[in-house]
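The data block below is entry-v1.cif; it holds mmCIF, C-alpha atoms and all ligand atoms.
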```cif
data_protein
#
loop_
_atom_site.label_atom_id
_atom_site.label_comp_id
_atom_site.auth_asym_id
_atom_site.auth_seq_id
_atom_site.Cartn_x
_atom_site.Cartn_y
_atom_site.Cartn_z
CA MET A 1 0.00 0.00 0.00
CA ASN A 2 1.42 3.37 -1.00
CA VAL A 3 0.15 6.43 0.82
CA ASP A 4 0.54 10.18 0.54
CA PRO A 5 3.20 11.43 2.99
CA ARG A 6 0.57 13.66 4.62
CA ASP A 7 -1.45 10.54 5.50
CA TRP A 8 1.56 8.53 6.70
CA ALA A 9 0.96 8.49 10.47
CA SER A 10 -2.82 8.21 10.18
CA SER A 11 -2.58 5.31 7.71
CA ILE A 12 -0.21 3.45 10.02
CA ARG A 13 -2.46 4.12 12.98
CA ALA A 14 -5.30 2.49 11.05
CA GLN A 15 -3.11 -0.54 10.25
CA VAL A 16 -2.17 -0.93 13.90
CA ALA A 17 -5.86 -0.72 14.85
CA GLN A 18 -6.51 -3.60 12.43
CA GLY A 19 -4.04 -5.76 14.32
CA PHE A 20 -0.84 -5.09 12.37
CA ALA A 21 0.79 -3.99 15.59
CA TYR A 22 4.30 -5.46 15.29
CA LEU A 23 6.95 -3.32 13.59
CA ASP A 24 9.04 -5.72 11.53
CA LEU A 25 11.02 -3.31 9.38
CA LEU A 26 11.28 0.42 8.75
CA THR A 27 13.79 1.56 6.17
CA ALA A 28 14.22 3.74 3.08
CA VAL A 29 15.31 3.49 -0.57
CA ASP A 30 16.95 6.32 -2.51
CA TYR A 31 15.72 6.97 -6.08
CA PRO A 32 17.93 9.83 -7.31
CA GLU A 33 16.53 9.96 -10.88
CA ALA A 34 13.00 10.29 -9.57
CA GLN A 35 14.19 12.81 -6.94
CA ARG A 36 12.45 10.86 -4.21
CA ILE A 37 13.21 8.80 -1.17
CA GLU A 38 10.83 5.98 -0.47
CA ILE A 39 10.08 5.04 3.13
CA VAL A 40 9.16 1.37 3.59
CA LEU A 41 7.37 0.01 6.63
CA VAL A 42 6.57 -3.67 7.13
CA LEU A 43 4.09 -4.57 9.87
CA LEU A 44 3.14 -8.03 11.10
CA ARG A 45 -0.05 -9.24 12.70
CA PRO A 46 1.20 -11.15 15.75
CA GLY A 47 0.21 -14.80 15.88
CA THR A 48 -0.44 -14.99 12.14
CA ALA A 49 1.77 -14.93 9.07
CA GLU A 50 0.05 -11.81 7.74
CA ILE A 51 2.16 -8.84 6.77
CA SER A 52 1.28 -5.35 5.69
CA THR A 53 3.75 -3.24 3.72
CA VAL A 54 3.14 0.49 3.67
CA THR A 55 5.28 2.87 1.61
CA THR A 56 5.39 6.59 1.01
CA SER A 57 7.71 8.90 -0.89
CA VAL A 58 9.27 12.18 0.14
CA ASP A 59 11.02 14.80 -1.98
CA ARG A 60 14.72 14.04 -2.07
CA ARG A 61 15.70 17.70 -2.10
CA GLU A 62 13.88 18.44 1.14
CA PRO A 63 13.01 15.09 2.68
CA ARG A 64 10.79 15.28 5.74
CA LEU A 65 8.05 13.13 7.13
CA GLY A 66 5.93 12.94 10.28
CA SER A 67 7.39 10.66 12.95
CA LEU A 68 5.65 7.39 13.81
CA VAL A 69 6.95 7.27 17.37
CA ASP A 70 3.52 8.22 18.77
CA VAL A 71 1.96 5.27 16.95
CA LEU A 72 4.82 2.76 17.21
CA PRO A 73 7.40 3.66 19.88
CA GLY A 74 9.79 1.10 18.36
CA ALA A 75 10.05 3.27 15.25
CA SER A 76 12.34 5.64 17.14
CA TRP A 77 15.69 3.96 16.38
CA HIS A 78 14.72 3.21 12.80
CA GLU A 79 13.79 6.81 12.15
CA ARG A 80 17.07 7.98 13.68
CA GLU A 81 18.90 5.55 11.42
CA ILE A 82 17.01 6.75 8.31
CA ALA A 83 17.69 10.35 9.34
CA GLU A 84 21.44 9.68 9.33
CA MET A 85 21.67 7.30 6.42
CA PHE A 86 19.31 9.14 4.02
CA GLY A 87 19.03 12.64 5.48
CA VAL A 88 15.27 12.44 6.08
CA GLU A 89 13.96 14.67 8.86
CA PHE A 90 11.23 13.21 11.06
CA ASP A 91 8.89 15.88 12.38
CA GLY A 92 7.83 15.31 15.95
CA HIS A 93 10.52 12.74 16.78
CA PRO A 94 11.02 13.01 20.56
CA ASP A 95 14.78 12.34 20.51
CA PRO A 96 16.42 12.94 17.12
CA ARG A 97 20.03 12.46 18.29
CA PRO A 98 22.52 10.78 15.91
CA LEU A 99 22.43 7.03 16.42
CA LEU A 100 25.19 5.29 14.47
CA LEU A 101 27.49 7.74 12.73
CA ALA A 102 30.14 10.10 14.04
CA PRO A 103 28.65 13.55 14.65
CA GLY A 104 29.48 16.00 11.88
CA LEU A 105 30.21 13.34 9.27
CA GLY A 106 28.31 15.51 6.81
CA LEU A 107 27.14 12.79 4.46
CA HIS A 108 24.30 10.33 4.21
CA PRO A 109 25.97 7.00 3.41
CA LEU A 110 22.95 5.23 1.93
CA ARG A 111 22.24 7.95 -0.62
CA LYS A 112 23.30 6.66 -4.00
CA GLU A 113 25.77 9.49 -4.71
CA THR A 114 27.83 8.77 -1.60
CA VAL A 115 31.27 7.61 -2.67
CA LEU A 116 32.38 4.43 -0.95
CA GLY A 117 35.97 5.59 -0.59
CA ALA A 118 37.16 2.55 1.37
CA ARG A 119 36.32 0.36 -1.61
CA ALA A 120 38.89 2.12 -3.77
CA VAL A 121 41.73 1.23 -1.41
CA THR A 122 40.57 -2.21 -0.26
CA PRO A 123 41.84 -5.04 -2.47
CA TRP A 124 38.89 -6.91 -3.92
CA PRO A 125 39.22 -10.57 -2.83
CA GLY A 126 37.63 -11.62 -6.13
CA ALA A 127 40.54 -10.11 -8.08
CA ARG A 128 42.47 -13.28 -7.42
CA SER A 129 41.88 -15.55 -10.32
CA GLY A 130 41.56 -18.70 -8.28
CA HIS A 131 43.46 -21.71 -9.48
CA GLU A 132 43.28 -21.02 -13.23
CA GLU A 133 46.18 -18.63 -13.11
CA GLY A 134 47.81 -19.68 -9.94
CA ALA A 135 46.50 -17.52 -7.12
CA SER A 136 49.05 -19.02 -4.79
CA SER A 137 51.82 -17.41 -6.79
CA GLY A 138 50.33 -14.06 -5.85
CA ARG A 139 49.33 -13.07 -9.36
CA ARG A 140 46.20 -11.01 -9.53
CA THR A 141 44.17 -10.17 -12.57
CA ARG A 142 43.43 -6.54 -13.16
CA ARG A 143 39.94 -5.46 -12.35
CA THR A 144 38.41 -3.97 -15.48
CA SER A 145 35.74 -1.83 -13.83
CA PRO A 146 35.78 -0.04 -10.48
CA PRO A 147 33.86 -1.59 -7.59
CA PRO A 148 30.27 -0.39 -7.09
CA GLY A 149 30.18 3.01 -5.42
CA VAL A 150 33.62 4.14 -6.62
CA PRO A 151 33.88 6.73 -9.45
CA ALA A 152 35.54 5.28 -12.57
CA ASP A 153 38.28 7.92 -12.73
CA TRP A 154 39.51 7.16 -9.21
CA LEU A 155 41.26 4.05 -10.38
CA ARG A 156 42.67 5.30 -13.66
CA GLU A 157 46.01 6.21 -12.19
CA ALA A 158 46.49 2.89 -10.45
CA GLU A 159 45.66 0.97 -13.61
CA SER A 160 47.83 2.83 -16.08
CA MET B 1 13.53 -18.78 26.15
CA THR B 2 12.36 -19.41 22.60
CA GLU B 3 14.37 -21.94 20.64
CA VAL B 4 16.31 -20.68 17.62
CA PRO B 5 14.58 -22.05 14.49
CA ARG B 6 16.59 -24.68 12.63
CA GLN B 7 16.53 -22.67 9.41
CA ALA B 8 17.90 -19.54 11.13
CA ARG B 9 20.85 -17.78 9.47
CA GLY B 10 23.32 -18.15 12.28
CA VAL B 11 26.56 -19.01 10.57
CA ILE B 12 27.68 -20.42 7.21
CA ALA B 13 29.27 -23.86 7.12
CA LEU B 14 31.78 -24.83 4.44
CA ASP B 15 32.27 -28.30 3.02
CA PRO B 16 35.92 -28.09 1.88
CA VAL B 17 35.61 -31.40 0.03
CA SER B 18 32.86 -30.05 -2.24
CA CYS B 19 34.47 -26.65 -2.75
CA THR B 20 36.23 -26.38 -6.12
CA SER B 21 37.81 -22.95 -5.38
CA CYS B 22 35.79 -21.57 -8.28
CA MET B 23 35.69 -18.07 -6.67
CA ILE B 24 32.02 -17.53 -7.51
CA CYS B 25 31.02 -16.90 -3.88
CA VAL B 26 33.98 -14.55 -3.37
CA ARG B 27 32.95 -12.47 -6.37
CA GLU B 28 29.23 -12.47 -5.66
CA CYS B 29 29.56 -11.43 -2.00
CA PRO B 30 28.50 -7.76 -1.82
CA ASP B 31 30.58 -7.18 1.32
CA TRP B 32 33.83 -8.80 0.18
CA CYS B 33 33.99 -10.98 3.29
CA ILE B 34 35.15 -14.25 1.72
CA GLU B 35 38.79 -14.90 0.82
CA ILE B 36 40.18 -17.97 -0.89
CA ASP B 37 43.71 -19.22 -1.55
CA SER B 38 44.11 -22.17 -3.87
CA HIS B 39 46.56 -23.79 -6.23
CA THR B 40 46.49 -26.41 -8.98
CA GLU B 41 48.04 -29.82 -8.81
CA GLU B 42 48.94 -32.06 -11.69
CA VAL B 43 47.44 -35.51 -11.50
CA THR B 44 48.64 -38.23 -13.83
CA GLU B 45 46.23 -41.12 -14.07
CA PRO B 46 47.73 -44.42 -15.12
CA GLY B 47 47.10 -44.93 -18.81
CA ALA B 48 46.04 -41.31 -19.42
CA ARG B 49 47.68 -39.42 -22.29
CA ARG B 50 47.89 -36.07 -20.57
CA PRO B 51 47.97 -35.09 -16.91
CA ARG B 52 44.84 -33.53 -15.36
CA TYR B 53 44.91 -30.40 -13.27
CA VAL B 54 42.86 -30.28 -10.12
CA ALA B 55 42.18 -27.29 -7.91
CA VAL B 56 43.28 -27.61 -4.31
CA LEU B 57 41.78 -25.32 -1.71
CA ASP B 58 44.43 -23.94 0.63
CA ARG B 59 42.47 -21.47 2.66
CA PHE B 60 38.85 -20.31 2.89
CA THR B 61 37.91 -17.51 5.29
CA ILE B 62 34.72 -15.62 6.09
CA ASP B 63 34.89 -12.38 8.07
CA TRP B 64 31.74 -12.26 10.20
CA GLY B 65 32.54 -8.69 11.11
CA LEU B 66 31.73 -7.74 7.51
CA CYS B 67 29.06 -10.31 6.62
CA MET B 68 25.46 -9.06 6.45
CA TYR B 69 23.96 -12.56 6.36
CA CYS B 70 22.33 -12.04 2.97
CA GLY B 71 22.93 -15.64 1.88
CA ILE B 72 24.02 -14.73 -1.65
CA CYS B 73 27.13 -16.92 -1.35
CA VAL B 74 25.06 -19.91 -0.24
CA GLU B 75 22.68 -19.38 -3.17
CA ALA B 76 25.46 -18.78 -5.68
CA CYS B 77 27.64 -21.80 -4.91
CA PRO B 78 27.11 -24.25 -7.79
CA PHE B 79 28.80 -27.11 -5.94
CA ASP B 80 26.75 -27.28 -2.71
CA ALA B 81 29.71 -26.36 -0.56
CA LEU B 82 28.04 -23.68 1.59
CA PHE B 83 25.17 -24.21 4.03
CA TRP B 84 23.37 -22.17 6.66
CA SER B 85 23.61 -23.36 10.25
CA PRO B 86 21.55 -21.92 13.12
CA GLU B 87 24.61 -21.82 15.41
CA HIS B 88 25.29 -18.25 16.47
CA ASP B 89 27.40 -18.43 19.60
CA TYR B 90 30.68 -17.10 18.20
CA ALA B 91 31.03 -13.59 19.54
CA SER B 92 34.59 -12.31 19.84
CA GLN B 93 36.44 -9.72 21.89
CA ASP B 94 38.45 -8.55 18.90
CA ALA B 95 37.66 -8.08 15.21
CA GLY B 96 40.23 -10.67 14.09
CA GLY B 97 38.40 -13.34 16.08
CA LEU B 98 35.44 -12.92 13.74
CA VAL B 99 37.46 -14.24 10.80
CA HIS B 100 36.79 -17.97 10.62
CA GLU B 101 39.32 -20.16 8.86
CA THR B 102 38.61 -23.28 6.77
CA GLN B 103 38.48 -25.77 9.64
CA ARG B 104 36.31 -23.59 11.85
CA LEU B 105 33.84 -23.16 8.96
CA ALA B 106 33.88 -26.91 8.29
CA ASP B 107 33.14 -27.59 11.96
CA TRP B 108 29.73 -25.93 11.58
CA LEU B 109 28.68 -28.56 9.00
CA SER B 110 27.31 -31.00 11.56
CA SER B 111 24.77 -28.38 12.65
CA ALA B 112 23.63 -27.43 9.12
CA PRO B 113 20.13 -28.85 8.49
CA GLN B 114 20.27 -28.65 4.67
CA ARG B 115 23.36 -30.73 4.47
S1 LIG A 201 26.03 -14.11 3.52
FE1 LIG A 201 26.25 -12.40 2.06
S2 LIG A 201 27.63 -10.97 3.07
FE2 LIG A 201 27.85 -12.94 4.15
S3 LIG A 201 29.57 -14.00 3.16
FE3 LIG A 201 27.68 -14.66 2.11
S4 LIG A 201 27.44 -13.26 0.36
FE4 LIG A 201 28.92 -12.31 1.81
S1 LIG A 202 31.11 -20.92 -4.90
FE1 LIG A 202 31.18 -22.86 -3.73
S2 LIG A 202 32.65 -24.14 -4.86
FE2 LIG A 202 32.97 -22.02 -5.56
S3 LIG A 202 34.61 -21.24 -4.24
FE3 LIG A 202 32.66 -20.70 -3.26
S4 LIG A 202 32.22 -22.37 -1.82
FE4 LIG A 202 33.82 -23.10 -3.23
#
```

Show me, as structure tokens, the structure contained in the file I just sent.
Amino acid sequence: MNVDPRDWASSIRAQVAQGFAYLDLLTAVDYPEAQRIEIVLVLLRPGTAEISTVTTSVDRREPRLGSLVDVLPGASWHEREIAEMFGVEFDGHPDPRPLLLAPGLGLHPLRKETVLGARAVTPWPGARSGHEEGASSGRRTRRTSPPPGVPADWLREAES
Amino acid sequence: MTEVPRQARGVIALDPVSCTSCMICVRECPDWCIEIDSHTEEVTEPGARRPRYVAVLDRFTIDWGLCMYCGICVEACPFDALFWSPEHDYASQDAGGLVHETQRLADWLSSAPQR
């Protein structure tokens, strides 16, 4: 079920009233081309196998959404995580302190444009060619494309 | 306390006998947590014209500090060498202790229900 962000909290409240009272998952997905961030909530009905998935989308340039903490207190940590990882602000969150990242990091690591710098300097274990070319002799095949999350031109120097 | 379900993703067990060192799991793992060392050995069968080359696995490690328990490696292995086990009691005081070597991974096999 996809709802308008203005109806987010009220829609969830209705789901909880119908018995979907267990918060299984609350996360987000970044869609840069569509300029939106999707918020995904999965609720379970305890004692049954029934699940209810509710989604909404917020504008990526100014992402904000009403907090669910009033409806589902367990949403607190998840919203703090989404706030850090995707830069979404949750209006009415009672305690919006940073949860996982160093204060002042200045980036939202799960946004697609975030460069995964560590990947550029970490040797890819798959670069070893296994037994075909004698991995035990220490020979490594050159990786033809950069790892996901690393800009292509970062590795040009190392490969030339 | 509730029992851990048998199909829980607790730890991944390796069957070193089935593993062909094909590197598929290493390359599919999104977190780069598997490392493999291997070499080839020449085997000459009596009566054969040419020697055969077989892959020998020297070392297989999984770093549980990096693993996100997605199961892609288990799914991707074409040789049924990786299995989920519900065992989960392997916390460590230091990050290096979360890197399990070949034998430690093989020891989980007896608790893997799919095996
Ligand atoms: S479960 Fe996923 S993250 Fe863990 S070793 Fe396998 S592929 Fe890598
Ligand atoms: S995919 Fe399977 S056979 Fe290939 S290296 Fe990994 S565990 Fe071994």

What is the distance, in Å and to one decimal place, between CA of Ala106 in chain B and CA of Leu14 in chain B?
->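 So the answer is 4.9 Å.
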
Which neighbours of Glu89 in chain A fall inside 7 Å, counting only C-alpha atoms, when residues of the same chain fewer than 3 positions from it are skipped, and could you give them as a CSV table (one decimal) with C-alpha atoms, in the coordinates of the input?
```csv
chain,number,residue,atom,x,y,z
A,63,PRO,CA,13.0,15.1,2.7
A,64,ARG,CA,10.8,15.3,5.7
A,65,LEU,CA,8.0,13.1,7.1
A,83,ALA,CA,17.7,10.4,9.3
```

All file atoms of ligand LIG 202 (chain A) boxed axis-aligned, 3 Å per side, centre plus edges, as JSON:
```
{"center_x": 32.9, "center_y": -22.4, "center_z": -3.7, "size_x": 9.5, "size_y": 9.4, "size_z": 9.7}
```

Name the closest residue to ligand LIG 201 (chain A) among the candidates B:Ala81, B:Leu57, B:Ile34, B:Ala95; distances are taken between atoms, counting all atoms listed in the file.
-> B:Ile34

Residue contacts of Thr27 in chain A (8 Å, all atoms listed in the file) excluding same-chain residues fewer than 2 positions away, as a list in words |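 Everything that qualifies: Leu25, Val29, Ile39, Val40, Leu41, His78, Glu79 and Ile82 of chain A.
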
Expressed in Å, the length from CA of Trp8 in chain A to CA of Val54 in chain A is 8.7 Å

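Residues in contact range of Ala34 in chain A, defined as at most 12 Å between all atoms listed in the file, with sequence neighbours fewer than 2 positions away removed, read Val29, Asp30, Tyr31, Pro32, Arg36, Ile37, Glu38, Ser57, Val58, Asp59, Arg60 and Arg61 of chain A.
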